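Undergrad: Please see the structure below; I have some questions.
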Amino acid sequence: NVKGFNLCIENALRRNPNLQVGAITVVLTVGSSGTVKSATIKPKQHEGSDWGACIMQSGKRIVFPASDGESDIEVPLKVGVSM
């Protein structure tokens with residue numbers, strides 16, 4: 001589901017071609033059913049941005065295989081133009 005994350009970043013770059021955030025981590029809390037219960041971004045300061053909200057919503061749409069319990073999955077991303 002990387003396409004959803006990429007679309008969020010591409011749209012943010014269209015609005016601000018000079019956007020340079022750098023490395024972030026999307027943390028997805030996955031329930032035993034495989035559905036994402038919550039999504040956050042590290043560093044937290046980016047959660048309030050339009051692209052950050054888009055990335056968290058995209059993360060919540062991902063479905064993982066069922067498991068024995070809840071777990072956190074970290075997805076590293078780079079946001080912005082190349083430096």
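All residue names refer to the structure tokens as shown: chains lettered A, B, ... in order, residues numbered from 1 in each chain, ligands numbered from 1 in order.
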From the DSSP assignment of the backbone, select every residue of chain A that is strand (DSSP E or B), and format the answer as an MDAnalysis selection string.

TA: chainID A and resid 20:30 35:42 63 71:80

Undergrad: Taking only chain A into account, list the residues labelled alpha helix (DSSP H) by DSSP (computed from the backbone), as JSON, numbers by chain.

TA: {"A": [2, 3, 4, 5, 6, 7, 8, 9, 10, 11, 12, 13, 14, 15, 50, 51, 52, 53, 54, 55, 56, 57, 58, 59, 60]}

Undergrad: For Pro65 (chain A), which residue among A:Gly31, A:His46, A:Asn1, A:Arg15 is the nearest when counting only C-alpha atoms?

TA: A:Gly31

Undergrad: In Å, rounded to a single decimal, give me how far CA of Thr35 (chain A) is from CA of Leu77 (chain A).

TA: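 Separation between CA of Leu77 (chain A) and CA of Thr35 (chain A): 20.8 Å.
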
Undergrad: Excluding Val36 (chain A) and residues on its chain fewer than 2 positions from it, collect all residues at most 7 Å away from it, counting only C-alpha atoms, and give them as an mmCIF file with C-alpha atoms, in the first residue's frame.

TA:
data_model
loop_
_atom_site.group_PDB
_atom_site.id
_atom_site.type_symbol
_atom_site.label_atom_id
_atom_site.label_comp_id
_atom_site.auth_asym_id
_atom_site.auth_seq_id
_atom_site.Cartn_x
_atom_site.Cartn_y
_atom_site.Cartn_z
ATOM 1 C CA LEU A 28 0.648 1.418 12.511
ATOM 2 C CA THR A 29 -0.997 -0.394 15.428
ATOM 3 C CA VAL A 30 -2.425 -3.595 13.978
ATOM 4 C CA GLY A 31 -5.066 -5.609 15.813
ATOM 5 C CA GLY A 34 -5.234 -7.625 10.777
ATOM 6 C CA SER A 38 -4.423 3.514 14.721
ATOM 7 C CA LYS A 60 -5.531 2.956 8.387
ATOM 8 C CA ILE A 62 -4.061 -1.236 5.058
ATOM 9 C CA VAL A 63 -5.110 -4.746 6.084
#

Undergrad: When you look at Asn11 (chain A) with a cut-off of 10 Å (counting only C-alpha atoms), what residues show up, excluding the ones that are within fewer than 6 positions of it in the same chain? I need them as JSON, numbers by chain.

TA: {"A": [17, 50, 51, 54]}

Undergrad: Can I get the selected residues back with C-alpha atoms, as a PDB file, in the first residue's frame?

TA:
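Output file selection_4.pdb is given in full below:
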ATOM      1  CA  PRO A  17       7.325  22.165  -4.527  1.00  0.00           C
ATOM      2  CA  ASP A  50      -2.396  18.019   5.478  1.00  0.00           C
ATOM      3  CA  TRP A  51       0.037  15.437   4.085  1.00  0.00           C
ATOM      4  CA  CYS A  54      -3.376  11.892   4.488  1.00  0.00           C
TER       5      CYS A  54
END

Undergrad: When distances are computed from only C-alpha atoms, which of A:Ser32, A:Ser67, A:Ile9, A:Lys3 shows the smallest separation from Ala53 (chain A)?

TA: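 Under the stated criterion, the closest residue is A:Ile9.
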
Undergrad: To one decimal in Å, tell me the separation between CA of Val79 (chain A) and CA of Ile41 (chain A).

TA: 11.9 Å
